[in-house]
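S.K.: See data_16.cif below, with mmCIF, C-alpha atoms.
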```
data_target
#
loop_
_atom_site.label_atom_id
_atom_site.label_comp_id
_atom_site.auth_asym_id
_atom_site.auth_seq_id
_atom_site.Cartn_x
_atom_site.Cartn_y
_atom_site.Cartn_z
CA MET A 1306 185.15 109.50 -50.96
CA LEU A 1307 185.07 110.21 -54.69
CA ALA A 1308 186.17 113.62 -55.81
CA LYS A 1309 183.66 115.70 -57.68
CA ASN A 1310 184.17 117.67 -60.85
CA LYS A 1311 182.20 120.80 -61.57
CA TYR A 1312 182.54 120.32 -65.33
CA VAL A 1313 180.04 117.94 -66.89
CA PRO A 1314 179.84 117.62 -70.72
CA ARG A 1315 176.56 118.74 -72.23
CA VAL A 1316 176.06 115.40 -73.96
CA ASN A 1317 176.24 113.58 -70.61
CA GLN A 1318 173.68 115.90 -69.06
CA ILE A 1319 171.26 115.41 -71.97
CA ASP A 1320 171.79 111.64 -71.87
CA ALA A 1321 170.97 111.62 -68.15
CA ILE A 1322 167.63 113.30 -68.92
CA TYR A 1323 166.81 110.75 -71.65
CA LEU A 1324 167.76 107.88 -69.35
CA ASN A 1325 165.50 109.28 -66.60
CA LYS A 1326 162.55 109.28 -69.00
CA ASP A 1327 163.29 105.77 -70.32
CA ILE A 1328 163.73 104.26 -66.85
CA ALA A 1329 160.60 105.92 -65.46
CA ARG A 1330 158.55 104.81 -68.46
CA MET A 1331 159.83 101.23 -68.21
CA ILE A 1332 159.06 100.94 -64.48
CA ARG A 1333 155.66 102.59 -64.83
CA ASP A 1334 154.56 100.51 -67.83
CA ASN A 1335 155.57 97.20 -66.25
CA LEU A 1336 153.82 97.94 -62.95
CA LEU A 1337 150.67 99.36 -64.50
CA GLU A 1338 150.32 96.45 -66.94
CA ASN A 1339 150.46 93.96 -64.07
CA LEU A 1340 148.00 95.95 -61.97
CA GLN A 1341 145.62 96.33 -64.89
CA ALA A 1342 145.65 92.57 -65.48
CA ILE A 1343 144.65 91.93 -61.85
CA SER A 1344 141.61 94.23 -61.78
CA PRO A 1345 140.87 96.39 -64.85
CA ALA A 1346 137.88 98.15 -63.25
CA LEU A 1347 139.82 99.09 -60.11
CA PHE A 1348 142.80 100.14 -62.23
CA ILE A 1349 140.74 102.68 -64.18
CA ARG A 1350 139.39 104.23 -60.96
CA ILE A 1351 142.72 104.65 -59.19
CA GLN A 1352 145.10 105.16 -62.14
CA PRO A 1353 145.99 108.79 -61.22
CA GLU A 1354 146.88 107.72 -57.68
CA LEU A 1355 148.90 104.77 -58.99
CA ASP A 1356 150.85 107.10 -61.28
CA LEU A 1357 151.50 109.42 -58.35
CA LEU A 1358 152.63 106.52 -56.16
CA ILE A 1359 155.01 105.16 -58.80
CA GLN A 1360 156.50 108.55 -59.64
CA SER A 1361 156.92 109.31 -55.93
CA ALA A 1362 158.66 105.96 -55.32
CA ILE A 1363 161.04 106.63 -58.22
CA TRP A 1364 161.81 110.10 -56.91
CA PHE A 1365 162.38 108.99 -53.29
CA GLY A 1366 164.54 106.07 -54.45
CA SER A 1367 166.76 108.33 -56.55
CA VAL A 1368 166.86 112.06 -55.79
CA GLY A 1369 165.44 111.79 -52.28
CA LYS A 1370 167.86 109.06 -51.21
CA ARG A 1371 171.05 109.65 -53.22
CA CYS A 1372 170.73 113.24 -54.50
CA SER A 1373 170.81 111.97 -58.09
CA THR A 1374 168.35 110.54 -60.57
CA PHE A 1375 168.70 107.02 -61.92
CA GLY A 1376 169.95 108.41 -65.22
CA GLN A 1377 172.60 110.44 -63.43
CA GLN A 1378 173.69 107.39 -61.43
CA LEU A 1379 174.25 105.38 -64.62
CA LEU A 1380 176.54 108.13 -65.92
CA VAL A 1381 178.26 108.65 -62.53
CA LEU A 1382 176.70 112.09 -62.12
CA ALA A 1383 174.78 113.72 -59.27
CA TYR A 1384 173.30 116.99 -58.12
CA ASP A 1385 175.61 119.18 -56.09
CA ALA A 1386 174.64 118.09 -52.56
CA GLU A 1387 175.69 121.44 -51.12
CA LYS A 1388 172.88 123.15 -53.05
CA LEU A 1389 170.27 120.43 -52.55
CA THR A 1390 168.74 121.68 -49.30
CA ILE A 1391 165.54 120.35 -47.71
CA SER A 1392 163.47 123.18 -49.16
CA ARG A 1393 164.90 122.61 -52.63
CA LEU A 1394 164.24 118.88 -52.35
CA ALA A 1395 160.61 119.60 -51.48
CA LEU A 1396 160.27 121.99 -54.42
CA HIS A 1397 161.97 119.50 -56.73
CA PHE A 1398 159.45 116.83 -55.74
CA ALA A 1399 156.53 119.22 -56.18
CA LEU A 1400 157.69 120.39 -59.62
CA THR A 1401 158.59 116.95 -61.02
CA VAL A 1402 155.90 114.66 -59.58
CA LEU A 1403 152.81 116.69 -58.73
CA PRO A 1404 152.06 118.45 -62.08
CA GLY A 1405 151.32 115.14 -63.79
CA TYR A 1406 148.95 114.11 -61.02
CA VAL A 1407 147.11 117.45 -61.06
CA LYS A 1408 146.54 117.19 -64.82
CA SER A 1409 145.39 113.56 -64.57
CA TRP A 1410 143.14 114.41 -61.62
CA GLU A 1411 141.55 117.27 -63.55
CA GLU A 1412 140.85 114.99 -66.53
CA ARG A 1413 139.56 111.96 -64.59
CA ARG A 1414 138.19 113.14 -61.25
CA LEU A 1415 136.15 116.23 -62.05
CA SER A 1416 132.60 115.28 -62.98
CA ARG A 1417 132.25 118.47 -65.01
CA ARG A 1418 134.87 120.70 -66.51
CA VAL A 1419 135.78 123.81 -64.52
CA GLU A 1420 136.57 126.32 -67.20
CA TRP A 1421 138.97 128.51 -65.25
CA PHE A 1422 140.86 125.50 -63.89
CA SER A 1423 141.27 123.96 -67.34
CA ARG A 1424 142.44 127.27 -68.77
CA ALA A 1425 144.96 127.64 -65.92
CA ILE A 1426 146.40 124.17 -66.60
CA THR A 1427 146.62 124.86 -70.35
CA TRP A 1428 148.26 128.24 -69.78
CA THR A 1429 150.76 126.70 -67.35
CA GLU A 1430 151.65 123.93 -69.82
CA ASN A 1431 152.17 126.38 -72.67
CA SER A 1432 154.25 128.72 -70.51
CA ALA A 1433 156.40 125.83 -69.30
CA LEU A 1434 156.95 124.72 -72.90
CA VAL A 1435 158.15 128.17 -73.97
CA LEU A 1436 160.38 128.53 -70.91
CA ASN A 1437 161.85 125.06 -71.52
CA VAL A 1438 162.82 126.05 -75.06
CA LEU A 1439 164.44 129.28 -73.84
CA ASN A 1440 166.25 127.43 -71.06
CA TYR A 1441 167.55 124.87 -73.57
CA PHE A 1442 169.20 127.61 -75.62
CA ARG A 1443 170.68 129.03 -72.42
CA PHE A 1444 171.97 125.56 -71.52
CA LEU A 1445 173.63 125.16 -74.93
CA LYS A 1446 175.53 128.39 -74.29
CA THR A 1447 176.49 127.90 -70.64
CA GLY A 1448 176.52 124.12 -70.24
CA ARG A 1449 174.77 124.36 -66.86
CA LYS A 1450 171.28 123.46 -65.58
CA PRO A 1451 169.79 121.58 -68.57
CA THR A 1452 166.17 121.53 -67.39
CA LEU A 1453 163.86 124.36 -66.39
CA ILE A 1454 163.43 122.86 -62.90
CA ASP A 1455 167.21 122.75 -62.42
CA PHE A 1456 167.42 126.40 -63.46
CA LEU A 1457 164.59 127.52 -61.17
CA LEU A 1458 166.11 125.71 -58.18
CA GLY A 1459 169.71 126.60 -59.03
CA LEU A 1460 170.84 122.95 -59.20
CA ASP A 1461 174.03 121.97 -61.03
CA TYR A 1462 175.23 118.57 -62.19
CA ILE A 1463 178.59 117.34 -60.94
CA SER A 1464 180.72 114.44 -62.13
CA LEU A 1465 181.93 111.88 -59.57
CA ARG A 1466 184.82 110.80 -61.76
CA ASN A 1467 188.36 111.88 -60.97
CA ASN A 1468 189.13 112.58 -64.61
CA GLN A 1469 187.23 114.91 -66.92
CA ARG A 1470 187.05 112.81 -70.05
CA ARG A 1471 184.28 113.48 -72.51
CA ASP A 1472 181.99 110.50 -72.88
CA ILE A 1473 180.00 109.90 -76.03
CA GLY A 1474 176.33 109.59 -75.20
CA TYR A 1475 174.46 106.44 -76.14
CA LYS A 1476 171.88 108.42 -78.15
CA TYR A 1477 174.63 110.02 -80.22
CA LEU A 1478 176.45 106.71 -80.69
CA THR A 1479 173.28 104.91 -81.80
CA ARG A 1480 172.49 107.67 -84.28
CA GLU A 1481 176.01 107.57 -85.73
CA LEU A 1482 175.91 103.77 -86.10
CA LEU A 1483 172.60 103.93 -87.94
CA TRP A 1484 173.83 106.72 -90.18
CA GLY A 1485 177.08 104.83 -90.91
CA GLY A 1486 175.14 101.71 -91.85
CA PHE A 1487 172.84 103.71 -94.10
CA MET A 1488 175.82 105.26 -95.90
CA GLU A 1489 177.36 101.82 -96.45
CA ILE A 1490 174.12 100.58 -98.01
CA LEU A 1491 174.03 103.62 -100.29
CA GLY A 1492 177.65 102.99 -101.28
CA LEU A 1493 176.72 99.46 -102.34
CA LEU A 1494 173.47 100.29 -104.11
CA LEU A 1495 174.22 103.53 -105.97
CA PRO A 1496 176.84 102.09 -108.38
CA ILE A 1497 174.44 99.40 -109.62
CA ILE A 1498 171.47 101.72 -110.20
CA ASN A 1499 171.07 102.79 -113.82
CA PHE A 1500 169.99 106.38 -113.28
CA ARG A 1501 170.11 107.26 -116.98
CA LYS A 1502 167.66 104.50 -117.86
CA ILE A 1503 165.42 105.51 -114.97
CA GLN A 1504 165.52 109.11 -116.20
CA ARG A 1505 164.53 108.01 -119.71
CA LEU A 1506 161.66 105.88 -118.41
CA LEU A 1507 160.40 108.71 -116.22
CA LYS A 1508 160.46 111.12 -119.15
CA ALA A 1509 158.59 108.61 -121.28
CA GLY A 1510 156.04 108.19 -118.50
CA PHE A 1511 155.52 111.92 -117.98
CA PHE A 1512 155.39 112.92 -121.65
CA GLY A 1513 153.59 109.80 -122.83
CA GLU A 1514 154.93 106.63 -124.38
CA GLU A 1515 152.95 107.26 -127.54
CA SER A 1516 154.63 110.60 -128.25
CA HIS A 1517 158.01 109.01 -127.60
CA HIS A 1518 157.37 106.27 -130.17
CA SER A 1519 155.98 108.78 -132.67
CA LYS A 1520 159.20 110.76 -132.44
CA ARG A 1521 161.17 107.64 -133.11
CA ARG A 1522 159.01 106.77 -136.12
CA GLU A 1523 159.61 110.24 -137.52
CA SER A 1524 163.34 109.89 -136.95
CA LEU A 1525 163.39 106.63 -138.92
CA LYS A 1526 161.96 108.45 -141.93
CA ARG A 1527 164.51 111.24 -141.64
CA ASP A 1528 167.63 111.11 -143.77
CA LEU A 1529 171.05 111.66 -142.30
CA ILE A 1530 171.36 115.33 -141.43
CA ALA A 1531 174.73 116.98 -141.39
CA ALA A 1532 175.40 118.54 -138.00
CA LYS A 1533 176.73 122.08 -138.05
CA MET A 1534 178.89 123.65 -135.38
CA THR A 1535 178.64 127.37 -134.69
CA GLY A 1536 180.07 129.63 -132.03
CA ASN A 1537 176.91 129.26 -129.93
CA THR A 1538 176.51 125.50 -130.24
CA THR A 1539 176.04 123.66 -126.93
CA CYS A 1540 175.70 119.99 -126.03
CA THR A 1541 172.09 118.87 -126.27
CA TYR A 1542 172.47 116.83 -123.08
CA CYS A 1543 174.58 118.90 -120.67
CA GLY A 1544 174.14 122.39 -122.16
CA GLU A 1545 177.89 123.13 -122.15
CA ARG A 1546 180.33 123.73 -124.98
CA PRO A 1547 180.65 120.29 -126.70
CA THR A 1548 183.81 118.30 -125.99
CA GLN A 1549 184.73 116.12 -128.99
CA PRO A 1550 181.36 116.81 -130.70
CA HIS A 1551 179.33 113.81 -131.90
CA HIS A 1552 175.80 113.37 -133.17
CA MET A 1553 173.38 110.51 -133.94
CA GLY A 1554 172.41 111.56 -137.45
CA CYS A 1555 169.60 113.85 -136.38
CA GLY A 1556 171.77 116.96 -136.35
CA HIS A 1557 171.70 117.51 -132.60
CA ILE A 1558 175.22 117.70 -131.21
CA TYR A 1559 176.44 115.99 -128.04
CA CYS A 1560 179.68 115.81 -126.14
CA TYR A 1561 181.41 112.51 -126.83
CA TYR A 1562 181.35 111.71 -123.12
CA CYS A 1563 177.65 112.56 -122.73
CA LEU A 1564 176.68 110.44 -125.72
CA SER A 1565 178.93 107.48 -124.98
CA ALA A 1566 177.98 107.38 -121.29
CA ASN A 1567 174.27 107.31 -122.16
CA LEU A 1568 174.74 104.62 -124.80
CA LEU A 1569 176.81 102.44 -122.47
CA THR A 1570 174.29 102.62 -119.64
CA ASP A 1571 171.12 102.56 -121.76
CA ALA A 1572 171.07 100.68 -125.06
CA ASP A 1573 167.72 102.28 -125.96
CA PHE A 1574 168.96 105.84 -125.48
CA SER A 1575 167.48 108.28 -128.00
CA CYS A 1576 167.95 111.96 -128.69
CA VAL A 1577 166.46 114.01 -125.90
CA LYS A 1578 165.09 116.56 -128.37
CA CYS A 1579 163.78 114.62 -131.34
CA GLY A 1580 163.75 111.00 -130.18
CA ALA A 1581 166.20 109.73 -132.84
CA SER A 1582 167.92 106.48 -131.86
CA CYS A 1583 171.62 105.89 -132.27
CA SER A 1584 170.83 102.50 -133.80
CA ASP A 1585 169.14 104.27 -136.71
CA HIS A 1586 172.25 105.98 -138.05
CA GLY A 1587 175.04 105.34 -135.54
CA ALA A 1588 177.13 107.88 -133.69
CA GLN A 1589 178.89 110.32 -135.98
CA VAL A 1590 181.78 112.73 -135.46
CA VAL A 1591 180.98 116.33 -136.30
#
```
Show how you would write the structure in this file as structure tokens.
M.R.:
Amino acid sequence: MLAKNKYVPRVNQIDAIYLNKDIARMIRDNLLENLQAISPALFIRIQPELDLLIQSAIWFGSVGKRCSTFGQQLLVLAYDAEKLTISRLALHFALTVLPGYVKSWEERRLSRRVEWFSRAITWTENSALVLNVLNYFRFLKTGRKPTLIDFLLGLDYISLRNNQRRDIGYKYLTRELLWGGFMEILGLLLPIINFRKIQRLLKAGFFGEESHHSKRRESLKRDLIAAKMTGNTTCTYCGERPTQPHHMGCGHIYCYYCLSANLLTDADFSCVKCGASCSDHGAQVV
């Protein structure tokens, strides 16, 4: 007989819950699609009962027979059989299978809405949602009983492995692979994107192409202006104290690195303040 470990990593417990949902949805969808194709009219009339039958079969084939859900079985986990008594099994079935049937029955079977019954179902759903959130925070702290039903029934997960290694869940692994691929794509694309040219085009689009050209026409008429450095002079582009000050003939001072980087990446770069182009007068040392 396999030894059982009381410690089960949180990621494995969460993965077991996701696997339970995926397996149940896959079985239900396949069966209901086939039944609907046979007789659509009959399917609509008995859909709540079909859902109940399928969910019951899944429960009896997993928890009822082996004291573990299908998701737990895939991860070599199980409920602690010592705590899973007959009364707890009955409550587990009632809390996991019957609520869905009651809600579906209320929506499809009642000819007219019973106000108090609808309010009771809505209140129960909202209360369960709040309690599930609170239980999730408790689970993150303690690492035990990940679902509200497990907490109410006092059921713990156990590992049937002899060792206590920490497995990486498939949800986590898939997310990391997607994120890694996305970062690789960014690493390939970012170096070839000319952000300075895009910035210039966006500015021209926001402030109007006409005003941009008018500034350039005015700069062409302007004679070479001698740039003057003072104690408060800052780079027109980066706003810091200019390093190796240069200008384009319009009198506005730039860092050499700011000016040269813009000119190398965008041949049509012009002064961000007055619109003067470097091709008009050329870059000048202050």
S.K.: Residues near A:Phe1574, anyone? I mean within 8 Å using only C-alpha atoms, not counting same-chain ones fewer than 6 positions away, as a tab-separated table (two decimals) with C-alpha atoms, keeping the file's coordinate frame.
M.R.:
```
chain	number	residue	atom	x	y	z
A	1502	LYS	CA	167.66	104.50	-117.86
A	1505	ARG	CA	164.53	108.01	-119.71
A	1567	ASN	CA	174.27	107.31	-122.16
A	1568	LEU	CA	174.74	104.62	-124.80
A	1582	SER	CA	167.92	106.48	-131.86
A	1583	CYS	CA	171.62	105.89	-132.27
```
S.K.: For A:Glu1387, which of A:Phe1348, A:Ile1463, A:Lys1508, A:Pro1451 is the closest residue, counting only C-alpha atoms?
M.R.: A:Ile1463
S.K.: Using all atoms listed in the file, pick whichever of A:Pro1353, A:Val1368, A:Asn1325, A:Arg1480 has the shortest atom-to-atom distance to A:Glu1412.
M.R.: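 With all atoms listed in the file as the atom set, the closest residue is A:Pro1353.
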S.K.: Apply the PyMOL selection byres ((chain A and resi 1330-1347) around 12) to the structure shown and report the selected residues as a list in words.
M.R.: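 Going through the file, the PyMOL selection byres ((chain A and resi 1330-1347) around 12) ends up selecting Tyr1323, Leu1324, Asn1325, Lys1326, Asp1327, Ile1328, Ala1329, Phe1348, Ile1349, Arg1350, Ile1351, Gln1352, Pro1353, Glu1354, Leu1355, Asp1356, Leu1357, Leu1358, Ile1359, Gln1360, Ser1361, Ala1362, Ile1363 and Phe1375 of chain A.
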S.K.: Can you work out the spacing between atom CA of A:Ala1566 and atom CA of A:Gly1510 in Å, to one decimal?
M.R.: 22.1 Å
S.K.: Quick one: of A:Phe1487, A:Tyr1406, A:Phe1511, A:Tyr1384, who's nearest to A:Gly1459, counting all atoms listed in the file?
M.R.: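 Smallest separation from A:Gly1459 among the options: A:Tyr1384.
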S.K.: Between atom CA of A:Cys1560 and atom CA of A:Leu1491, measure the distance and give it in Å to one decimal.
M.R.: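 Separation between atom CA of A:Cys1560 and atom CA of A:Leu1491: 29.1 Å.
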S.K.: Can you spell out as a PDB file with C-alpha atoms, in the frame of the given file the set of residues that the PyMOL selection byres ((chain A and resi 1452) around 8) selects in the structure I just provided?
M.R.:
```
ATOM      1  CA  ASN A1437     161.850 125.060 -71.520  1.00  0.00           C
ATOM      2  CA  ASN A1440     166.250 127.430 -71.060  1.00  0.00           C
ATOM      3  CA  TYR A1441     167.550 124.870 -73.570  1.00  0.00           C
ATOM      4  CA  LYS A1450     171.280 123.460 -65.580  1.00  0.00           C
ATOM      5  CA  PRO A1451     169.790 121.580 -68.570  1.00  0.00           C
ATOM      6  CA  LEU A1453     163.860 124.360 -66.390  1.00  0.00           C
ATOM      7  CA  ILE A1454     163.430 122.860 -62.900  1.00  0.00           C
ATOM      8  CA  ASP A1455     167.210 122.750 -62.420  1.00  0.00           C
ATOM      9  CA  PHE A1456     167.420 126.400 -63.460  1.00  0.00           C
TER      10      PHE A1456
END
```
S.K.: In Å, with one decimal, what is the gap from atom CA of A:Ala1572 to atom CA of A:Cys1555?
M.R.: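 Computing it gives 17.4 Å between the two atoms.
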S.K.: Given the choices A:Val1316, A:Glu1420, A:Thr1427, A:Ser1464, which gets closest to A:Ser1373 if the distance is worked out from only C-alpha atoms?
M.R.: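 Closest candidate: A:Ser1464.
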S.K.: With all atoms of stretch 1407-1412 of chain A from the file as input, state the centre and edge lengths in Å to one decimal of the axis-aligned box that has 3 Å extra on each side, as lines of an AutoDock Vina configuration file.
M.R.:
```
center_x = 144.0
center_y = 115.5
center_z = -63.8
size_x = 12.3
size_y = 9.9
size_z = 11.5
```
S.K.: May I ask which of the residues A:Val1407, A:Phe1422, A:Ile1558, A:Arg1371 is the closest one to A:Asn1537, counting only C-alpha atoms?
M.R.: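 That would be A:Ile1558, the residue with the smallest distance to A:Asn1537.
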S.K.: What's around A:Leu1394 at 9 Å? Count only C-alpha atoms, leave out sequence neighbours fewer than 3 positions away in its own chain, and write the answer as a list of chain:residue names.
M.R.: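 Using only C-alpha atoms, the neighbours found are A:Val1368, A:Gly1369, A:Cys1372, A:Leu1389, A:Thr1390, A:Ile1391, A:His1397, A:Phe1398, A:Ala1399.
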S.K.: Identify the residues around (177.0, 120.4, -128.4) within a radius of 7 Å, measuring from all atoms listed in the file in the coordinates stated by the file, and give them as JSON, numbers by chain.
M.R.: {"A": [1538, 1539, 1540, 1541, 1545, 1546, 1547, 1550, 1558, 1559, 1560]}
S.K.: Determine the nearest neighbour of A:Arg1315 from the options A:Lys1370, A:Lys1388, A:Lys1446, A:Arg1393, counting all atoms listed in the file.
M.R.: A:Lys1446
S.K.: Can you rebuild stretch 1492-1513 of chain A with N, CA and C atoms and give it as a CSV table (one decimal), keeping the file's coordinate frame?
M.R.:
```
chain,number,residue,atom,x,y,z
A,1492,GLY,N,176.4,103.2,-100.5
A,1492,GLY,CA,177.6,103.0,-101.3
A,1492,GLY,C,177.6,101.7,-102.1
A,1493,LEU,N,176.9,100.7,-101.6
A,1493,LEU,CA,176.7,99.5,-102.3
A,1493,LEU,C,175.7,99.5,-103.4
A,1494,LEU,N,174.6,100.3,-103.2
A,1494,LEU,CA,173.5,100.3,-104.1
A,1494,LEU,C,173.6,101.3,-105.2
A,1495,LEU,N,174.2,102.5,-105.0
A,1495,LEU,CA,174.2,103.5,-106.0
A,1495,LEU,C,175.0,103.1,-107.2
A,1496,PRO,N,176.1,102.4,-107.1
A,1496,PRO,CA,176.8,102.1,-108.4
A,1496,PRO,C,176.1,101.2,-109.3
A,1497,ILE,N,175.1,100.4,-108.8
A,1497,ILE,CA,174.4,99.4,-109.6
A,1497,ILE,C,173.1,99.9,-110.1
A,1498,ILE,N,172.7,101.1,-109.7
A,1498,ILE,CA,171.5,101.7,-110.2
A,1498,ILE,C,171.7,102.5,-111.5
A,1499,ASN,N,170.9,102.1,-112.5
A,1499,ASN,CA,171.1,102.8,-113.8
A,1499,ASN,C,170.2,104.0,-113.8
A,1500,PHE,N,170.8,105.2,-113.4
A,1500,PHE,CA,170.0,106.4,-113.3
A,1500,PHE,C,169.6,106.9,-114.7
A,1501,ARG,N,170.4,106.7,-115.6
A,1501,ARG,CA,170.1,107.3,-117.0
A,1501,ARG,C,168.9,106.5,-117.6
A,1502,LYS,N,168.8,105.2,-117.4
A,1502,LYS,CA,167.7,104.5,-117.9
A,1502,LYS,C,166.4,104.9,-117.1
A,1503,ILE,N,166.6,105.1,-115.8
A,1503,ILE,CA,165.4,105.5,-115.0
A,1503,ILE,C,164.9,106.9,-115.4
A,1504,GLN,N,165.9,107.8,-115.7
A,1504,GLN,CA,165.5,109.1,-116.2
A,1504,GLN,C,164.8,109.0,-117.5
A,1505,ARG,N,165.2,108.1,-118.4
A,1505,ARG,CA,164.5,108.0,-119.7
A,1505,ARG,C,163.1,107.5,-119.5
A,1506,LEU,N,163.0,106.5,-118.6
A,1506,LEU,CA,161.7,105.9,-118.4
A,1506,LEU,C,160.7,106.9,-117.8
A,1507,LEU,N,161.2,107.7,-116.9
A,1507,LEU,CA,160.4,108.7,-116.2
A,1507,LEU,C,159.9,109.7,-117.2
A,1508,LYS,N,160.8,110.2,-118.1
A,1508,LYS,CA,160.5,111.1,-119.2
A,1508,LYS,C,159.4,110.5,-120.1
A,1509,ALA,N,159.6,109.3,-120.4
A,1509,ALA,CA,158.6,108.6,-121.3
A,1509,ALA,C,157.3,108.5,-120.6
A,1510,GLY,N,157.3,108.3,-119.2
A,1510,GLY,CA,156.0,108.2,-118.5
A,1510,GLY,C,155.3,109.5,-118.4
A,1511,PHE,N,156.1,110.6,-118.2
A,1511,PHE,CA,155.5,111.9,-118.0
A,1511,PHE,C,155.0,112.5,-119.3
A,1512,PHE,N,155.8,112.3,-120.4
A,1512,PHE,CA,155.4,112.9,-121.6
A,1512,PHE,C,154.6,112.0,-122.5
A,1513,GLY,N,154.4,110.7,-122.1
A,1513,GLY,CA,153.6,109.8,-122.8
A,1513,GLY,C,154.4,108.9,-123.7
```
